[in-house]
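K.L.:
Please find upload_22.txt (compact mmCIF, C-alpha atoms) on the next line:
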# COMPACT_ATOMS: atom_id res chain seq x y z
CA MET A 7 18.91 -28.46 42.61
CA THR A 8 22.48 -27.46 41.77
CA LYS A 9 23.21 -25.32 38.70
CA SER A 10 24.89 -28.26 36.98
CA LEU A 11 21.91 -30.59 37.51
CA LYS A 12 19.46 -27.87 36.51
CA ARG A 13 21.44 -27.26 33.32
CA MET A 14 21.44 -30.99 32.48
CA ALA A 15 17.71 -31.26 33.15
CA THR A 16 16.98 -28.27 30.89
CA MET A 17 19.15 -29.70 28.11
CA GLN A 18 17.38 -33.05 28.36
CA ARG A 19 13.94 -31.44 28.22
CA MET A 20 14.98 -29.48 25.15
CA GLN A 21 16.41 -32.56 23.42
CA ILE A 22 13.39 -34.78 24.17
CA THR A 23 10.99 -32.12 22.87
CA GLY A 24 13.28 -31.42 19.92
CA LEU A 25 13.31 -35.09 18.92
CA GLU A 26 9.51 -35.25 19.13
CA TYR A 27 9.14 -32.19 16.88
CA PHE A 28 11.83 -33.28 14.39
CA TYR A 29 10.31 -36.76 14.20
CA LYS A 30 6.78 -35.45 13.66
CA ASN A 31 7.46 -32.51 11.33
CA GLY A 32 10.97 -33.09 9.97
CA TYR A 33 14.14 -31.17 10.74
CA TYR A 34 13.74 -28.54 8.03
CA ASN A 35 10.07 -27.92 8.84
CA THR A 36 10.77 -27.37 12.55
CA SER A 37 12.18 -24.14 13.90
CA ILE A 38 13.97 -23.69 17.20
CA ASP A 39 11.24 -21.18 18.05
CA ASP A 40 8.64 -23.97 17.81
CA ILE A 41 10.52 -26.01 20.40
CA LEU A 42 11.22 -23.07 22.70
CA LYS A 43 7.58 -22.00 22.60
CA GLU A 44 6.51 -25.49 23.65
CA LEU A 45 8.91 -25.35 26.60
CA SER A 46 8.38 -21.66 27.46
CA LEU A 47 12.12 -21.02 27.10
CA SER A 48 14.00 -18.10 25.56
CA LYS A 49 16.40 -18.01 22.63
CA GLY A 50 19.09 -17.11 25.15
CA ALA A 51 18.45 -20.37 27.01
CA PHE A 52 18.87 -22.31 23.77
CA TYR A 53 22.15 -20.67 22.77
CA TYR A 54 23.47 -21.05 26.30
CA HIS A 55 23.33 -24.83 25.80
CA PHE A 56 23.80 -25.28 22.03
CA ASP A 57 25.84 -23.57 19.33
CA SER A 58 23.29 -23.94 16.54
CA LYS A 59 20.30 -25.94 15.33
CA GLU A 60 22.69 -28.46 13.75
CA ASP A 61 24.66 -28.81 17.00
CA PHE A 62 21.35 -29.32 18.83
CA PHE A 63 20.33 -32.10 16.43
CA VAL A 64 23.72 -33.83 16.59
CA GLN A 65 23.47 -33.92 20.39
CA ILE A 66 19.96 -35.37 20.08
CA ILE A 67 21.42 -38.13 17.88
CA GLU A 68 24.24 -38.85 20.31
CA ASN A 69 22.19 -38.64 23.52
CA LEU A 70 18.75 -39.93 22.53
CA LEU A 71 18.69 -41.63 19.15
CA VAL A 72 21.71 -43.85 19.78
CA ARG A 73 20.26 -44.89 23.15
CA LYS A 74 16.85 -45.59 21.59
CA MET A 75 18.36 -47.74 18.83
CA TYR A 76 20.60 -49.58 21.27
CA SER A 77 17.83 -50.41 23.74
CA GLN A 78 15.31 -51.49 21.07
CA LEU A 79 17.31 -53.21 18.34
CA ILE A 80 20.87 -53.90 19.50
CA GLU A 81 21.02 -54.85 23.18
CA PRO A 82 18.18 -57.44 22.95
CA ILE A 83 20.15 -59.62 20.51
CA GLU A 84 23.50 -59.52 22.27
CA GLY A 85 22.80 -62.66 24.33
CA HIS A 86 24.14 -66.15 23.66
CA ASP A 87 20.81 -67.94 23.32
CA ASN A 88 19.42 -69.04 19.96
CA THR A 89 20.20 -66.05 17.75
CA LEU A 90 17.12 -66.45 15.55
CA ASP A 91 14.85 -66.56 18.61
CA LEU A 92 16.51 -63.42 20.00
CA ILE A 93 16.06 -61.49 16.76
CA THR A 94 12.46 -62.68 16.42
CA GLN A 95 11.61 -61.53 19.93
CA CYS A 96 13.48 -58.24 19.42
CA PHE A 97 11.58 -57.39 16.22
CA GLU A 98 8.29 -58.55 17.74
CA GLU A 99 8.65 -56.21 20.72
CA ALA A 100 9.96 -53.25 18.72
CA LEU A 101 7.11 -53.51 16.20
CA GLU A 102 4.51 -53.96 18.94
CA THR A 103 5.65 -50.64 20.42
CA ALA A 104 4.96 -49.04 17.04
CA VAL A 105 1.51 -50.66 16.83
CA HIS A 106 0.45 -48.90 20.03
CA ASN A 107 2.02 -45.52 19.19
CA GLU A 108 -0.80 -43.27 17.98
CA PHE A 109 1.75 -40.66 16.94
CA ASP A 110 3.70 -43.02 14.72
CA PHE A 111 5.48 -41.40 11.76
CA GLY A 112 7.67 -44.34 10.80
CA PHE A 113 11.13 -45.57 11.76
CA VAL A 114 12.84 -42.50 13.18
CA LEU A 115 16.33 -43.36 11.91
CA SER A 116 15.28 -44.00 8.31
CA ASN A 117 13.07 -40.89 8.34
CA PHE A 118 16.07 -38.73 9.19
CA ILE A 119 18.35 -40.51 6.72
CA ASN A 120 15.84 -39.82 3.93
CA GLU A 121 15.56 -36.18 4.99
CA PHE A 122 19.27 -35.42 5.29
CA ASN A 123 20.68 -37.54 2.46
CA GLY A 124 22.46 -35.22 0.04
CA LYS A 125 21.74 -32.17 2.22
CA ASN A 126 23.93 -32.37 5.31
CA GLU A 127 27.10 -34.50 5.37
CA THR A 128 27.80 -33.86 9.06
CA ILE A 129 24.45 -35.15 10.25
CA MET A 130 24.47 -37.99 7.70
CA LYS A 131 27.76 -39.24 9.13
CA HIS A 132 26.22 -39.52 12.60
CA LEU A 133 23.11 -41.27 11.26
CA ASN A 134 25.13 -43.69 9.12
CA ASP A 135 27.30 -44.51 12.13
CA ILE A 136 24.16 -45.81 13.89
CA LEU A 137 23.27 -47.90 10.82
CA ARG A 138 26.77 -49.38 10.76
CA ILE A 139 26.62 -50.26 14.46
CA TRP A 140 23.26 -51.97 13.92
CA GLU A 141 24.60 -53.86 10.90
CA VAL A 142 27.77 -54.99 12.71
CA ASN A 143 25.66 -56.14 15.65
CA LEU A 144 23.40 -58.21 13.38
CA VAL A 145 26.36 -59.72 11.52
CA SER A 146 27.96 -60.68 14.84
CA ALA A 147 24.70 -62.22 16.05
CA VAL A 148 24.36 -64.34 12.89
CA GLN A 149 28.01 -65.42 13.13
CA ARG A 150 27.40 -66.39 16.74
CA GLY A 151 24.34 -68.40 15.67
CA LYS A 152 26.47 -70.25 13.10
CA PHE A 153 29.11 -70.98 15.72
CA ASN A 154 26.49 -72.23 18.21
CA GLY A 155 24.88 -74.48 15.62
CA HIS A 156 21.54 -72.64 15.35
CA ILE A 157 22.25 -71.27 11.85
CA ASP A 158 23.62 -73.17 8.86
CA ARG A 159 27.34 -72.54 8.49
CA HIS A 160 27.01 -71.66 4.80
CA VAL A 161 24.67 -68.72 5.45
CA ASP A 162 25.94 -65.30 4.31
CA SER A 163 25.99 -63.32 7.59
CA GLU A 164 26.35 -59.92 5.89
CA GLY A 165 23.51 -60.75 3.49
CA VAL A 166 21.20 -61.73 6.34
CA ALA A 167 22.01 -58.52 8.22
CA VAL A 168 21.24 -56.31 5.21
CA TYR A 169 18.02 -58.23 4.53
CA LEU A 170 16.86 -57.88 8.15
CA MET A 171 17.63 -54.17 8.29
CA SER A 172 15.91 -53.38 5.00
CA SER A 173 12.86 -55.51 5.78
CA TYR A 174 12.46 -53.97 9.25
CA ILE A 175 12.75 -50.43 7.87
CA GLY A 176 10.28 -51.35 5.13
CA VAL A 177 7.59 -52.77 7.40
CA ARG A 178 7.93 -49.82 9.79
CA THR A 179 7.20 -47.53 6.86
CA LEU A 180 4.17 -49.60 5.81
CA MET A 181 2.82 -49.66 9.37
CA VAL A 182 2.40 -45.88 9.51
CA GLU A 183 -0.76 -45.58 7.46
CA THR A 184 -2.70 -48.83 7.28
CA SER A 185 -3.49 -51.70 9.66
CA PRO A 186 -0.23 -51.67 11.66
CA SER A 187 -1.19 -54.72 13.72
CA ALA A 188 -2.07 -56.81 10.64
CA ARG A 189 1.08 -55.73 8.81
CA LYS A 190 3.19 -56.61 11.82
CA TYR A 191 1.53 -60.04 12.10
CA ARG A 192 2.13 -60.85 8.42
CA PHE A 193 5.70 -59.61 8.55
CA MET A 194 6.54 -61.66 11.63
CA SER A 195 4.95 -64.78 10.08
CA GLN A 196 7.16 -64.43 7.01
CA LEU A 197 10.21 -63.64 9.12
CA ARG A 198 9.76 -66.91 11.01
CA GLN A 199 9.51 -68.79 7.70
CA TYR A 200 12.69 -67.09 6.51
CA PHE A 201 14.51 -68.00 9.71
CA LYS A 202 13.52 -71.66 9.25
CA SER A 203 15.44 -71.58 5.94
CA LEU A 204 18.56 -70.44 7.82
CA GLU A 205 18.59 -73.37 10.23
CA PRO A 206 21.16 -76.17 9.72
CA LYS A 207 20.10 -78.72 7.16
CA ARG A 208 19.33 -82.04 8.82
CA ALA A 209 20.81 -85.11 7.19
CA THR A 210 18.14 -87.47 5.86
CA ALA A 211 18.37 -91.21 6.42
What do you get writing this file as structure tokens?

P.N.:
Amino acid sequence: MTKSLKRMATMQRMQITGLEYFYKNGYYNTSIDDILKELSLSKGAFYYHFDSKEDFFVQIIENLLVRKMYSQLIEPIEGHDNTLDLITQCFEEALETAVHNEFDFGFVLSNFINEFNGKNETIMKHLNDILRIWEVNLVSAVQRGKFNGHIDRHVDSEGVAVYLMSSYIGVRTLMVETSPSARKYRFMSQLRQYFKSLEPKRATA
């Protein structure tokens, strides 16, 4: 393995382990020593790759968290099929992953936003950028659904996007402690009812 590939592999290992620790324990309750001990690496190895703990976390956001959000909640609804079906399937699959995760501590993005809000502007900017991308993607999907005739043209696209984001974050929080499968089932049932209300109104004879 070349030095460059070895360096990239080490950085990736450190970031994956770092994300696991930060997700489980929180950023401020996790030390770099905790992560290095898990990986049997030295402080020198850490500072060879990263300038600081904050720099390490920002790179985790850019390299892992963005990719995770994109693959789970953004890419699946970028198609041109029925928008409401795409979003339903996307949420169904994302929540099912959480149901089967025995080390579930909630929605990773909202956990970090709650932790850093008012404490670190630099990190908050990166986290809010992901939220904005998700929101823009949902707004675009709803607009596309209106254009394709699957969603009533009078529907407030921005309102739907905010509602979907907040409801998803909310149910992910509720799924942590109690009956995740049942909570997911009830949430998805109500989501389908809500989506029915967004469909074009059929003219009655």

K.L.:
Could you check how far CA of Val166 in chain A sits from CA of Phe97 in chain A, in Å to one decimal?

P.N.:
14.5 Å

K.L.:
Up to 12 Å from (8.0, -47.5, 21.5) in the file's coordinates: name the residues, counting all atoms listed in the file, as a list in words.

P.N.:
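It turns out the residues near that spot are Lys74, Met75, Ser77, Gln78, Leu79, Phe97, Glu98, Glu99, Ala100, Leu101, Glu102, Thr103, Ala104, Val105, His106, Asn107, Glu108, Phe109, Asp110, Phe111, Gly112, Phe113, Val114 and Arg178 of chain A.
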
K.L.:
Kindly save the residues from that selection, with C-alpha atoms included, as an mmCIF file, in the coordinates of the input.

P.N.:
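Writing done, so here's selection30.cif:
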data_model
loop_
_atom_site.group_PDB
_atom_site.id
_atom_site.type_symbol
_atom_site.label_atom_id
_atom_site.label_comp_id
_atom_site.auth_asym_id
_atom_site.auth_seq_id
_atom_site.Cartn_x
_atom_site.Cartn_y
_atom_site.Cartn_z
ATOM 1 C CA LYS A 74 16.850 -45.590 21.590
ATOM 2 C CA MET A 75 18.360 -47.740 18.830
ATOM 3 C CA SER A 77 17.830 -50.410 23.740
ATOM 4 C CA GLN A 78 15.310 -51.490 21.070
ATOM 5 C CA LEU A 79 17.310 -53.210 18.340
ATOM 6 C CA PHE A 97 11.580 -57.390 16.220
ATOM 7 C CA GLU A 98 8.290 -58.550 17.740
ATOM 8 C CA GLU A 99 8.650 -56.210 20.720
ATOM 9 C CA ALA A 100 9.960 -53.250 18.720
ATOM 10 C CA LEU A 101 7.110 -53.510 16.200
ATOM 11 C CA GLU A 102 4.510 -53.960 18.940
ATOM 12 C CA THR A 103 5.650 -50.640 20.420
ATOM 13 C CA ALA A 104 4.960 -49.040 17.040
ATOM 14 C CA VAL A 105 1.510 -50.660 16.830
ATOM 15 C CA HIS A 106 0.450 -48.900 20.030
ATOM 16 C CA ASN A 107 2.020 -45.520 19.190
ATOM 17 C CA GLU A 108 -0.800 -43.270 17.980
ATOM 18 C CA PHE A 109 1.750 -40.660 16.940
ATOM 19 C CA ASP A 110 3.700 -43.020 14.720
ATOM 20 C CA PHE A 111 5.480 -41.400 11.760
ATOM 21 C CA GLY A 112 7.670 -44.340 10.800
ATOM 22 C CA PHE A 113 11.130 -45.570 11.760
ATOM 23 C CA VAL A 114 12.840 -42.500 13.180
ATOM 24 C CA ARG A 178 7.930 -49.820 9.790
#

K.L.:
Just want the 9 Å neighbourhood of Ile175 in chain A, counted on all atoms listed in the file, with same-chain residues fewer than 4 positions away dropped. Output as an NGL selection string.

P.N.:
:A and (112-113 or 115-116 or 170-171 or 179-180)

K.L.:
Per residue of range 106-189 of chain A within 9 Å of range 32-51 of chain A, note the shortest atom pair and the distance in Å to one decimal, counting all atoms listed in the file, and order the rows by chain and increasing residue number, as a tab-separated table.

P.N.:
residue	atom	partner	partner_atom	distance
A:Asn117	CA	A:Gly32	CA	8.2
A:Phe118	CA	A:Gly32	CA	7.6
A:Glu121	CA	A:Gly32	CA	7.4
A:Phe122	CA	A:Tyr33	CA	8.6

K.L.:
For CA of Val72 in chain A and CA of Glu183 in chain A, quote the distance in Å rounded to one decimal.

P.N.:
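So the two atoms, CA of Val72 in chain A and CA of Glu183 in chain A, lie 25.7 Å apart.
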
K.L.:
Excluding Ile139 in chain A and residues on its chain fewer than 3 positions from it, collect all residues at most 10 Å away from it, counting all atoms listed in the file, and give them as a PDB file with C-alpha atoms, keeping the file's coordinate frame.

P.N.:
ATOM      1  CA  VAL A  72      21.710 -43.850  19.780  1.00  0.00           C
ATOM      2  CA  MET A  75      18.360 -47.740  18.830  1.00  0.00           C
ATOM      3  CA  TYR A  76      20.600 -49.580  21.270  1.00  0.00           C
ATOM      4  CA  ILE A  80      20.870 -53.900  19.500  1.00  0.00           C
ATOM      5  CA  ASN A 134      25.130 -43.690   9.120  1.00  0.00           C
ATOM      6  CA  ASP A 135      27.300 -44.510  12.130  1.00  0.00           C
ATOM      7  CA  ILE A 136      24.160 -45.810  13.890  1.00  0.00           C
ATOM      8  CA  VAL A 142      27.770 -54.990  12.710  1.00  0.00           C
ATOM      9  CA  ASN A 143      25.660 -56.140  15.650  1.00  0.00           C
ATOM     10  CA  LEU A 144      23.400 -58.210  13.380  1.00  0.00           C
ATOM     11  CA  VAL A 145      26.360 -59.720  11.520  1.00  0.00           C
TER      12      VAL A 145
END

K.L.:
Between CA of Gly165 in chain A and CA of Arg150 in chain A, what is the spacing in Å?

P.N.:
14.9 Å

K.L.:
Hey, which of A:Thr94, A:Thr128, A:Thr16, A:Gln199 ends up closest to Tyr174 in chain A? Count all atoms listed in the file.

P.N.:
A:Thr94

K.L.:
Taking all atoms listed in the file into account, name the residue in A:Leu92, A:Ala167, A:Leu133, A:Ile157 that is nearest to Phe63 in chain A.

P.N.:
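Ranked by minimum distance to Phe63 in chain A, first place goes to A:Leu133.
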
K.L.:
Please determine, counting only C-alpha atoms, which residue among A:Asn69, A:Gln95, A:Asn31, A:Ser146 has the shortest atom-to-atom distance to Gln18 in chain A.

P.N.:
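Among A:Asn69, A:Gln95, A:Asn31, A:Ser146, it is A:Asn69 that comes nearest to Gln18 in chain A.
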
K.L.:
When you count only C-alpha atoms, which of these residues is closest to Lys12 in chain A: A:Ala147, A:His55, A:Asn123, A:Val182?

P.N.:
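Nearest to Lys12 in chain A: A:His55.
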
K.L.:
Pick out the closest residue to Glu60 in chain A from this set: A:Arg198, A:Arg19, A:His132, A:Arg189. Count all atoms listed in the file.

P.N.:
A:His132

K.L.:
Mind checking which residues fall within 8 Å of Gln21 in chain A, counting all atoms listed in the file, ignoring those fewer than 5 positions away in the same chain, and posting them as a VMD selection string?

P.N.:
chain A and resid 62 65 to 66 70

K.L.:
Nearest to Asp162 in chain A: which of A:Cys96, A:Thr89, A:Gly124, A:Leu204 is it, counting all atoms listed in the file?

P.N.:
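Counting all atoms listed in the file, the residue closest to Asp162 in chain A is A:Leu204.
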
K.L.:
Could you list, as an NGL selection string, every residue within 12 Å of His156 in chain A, counting only C-alpha atoms and ignoring same-chain residues fewer than 2 positions away?

P.N.:
:A and (86-92 or 147-154 or 158-161 or 201-208)
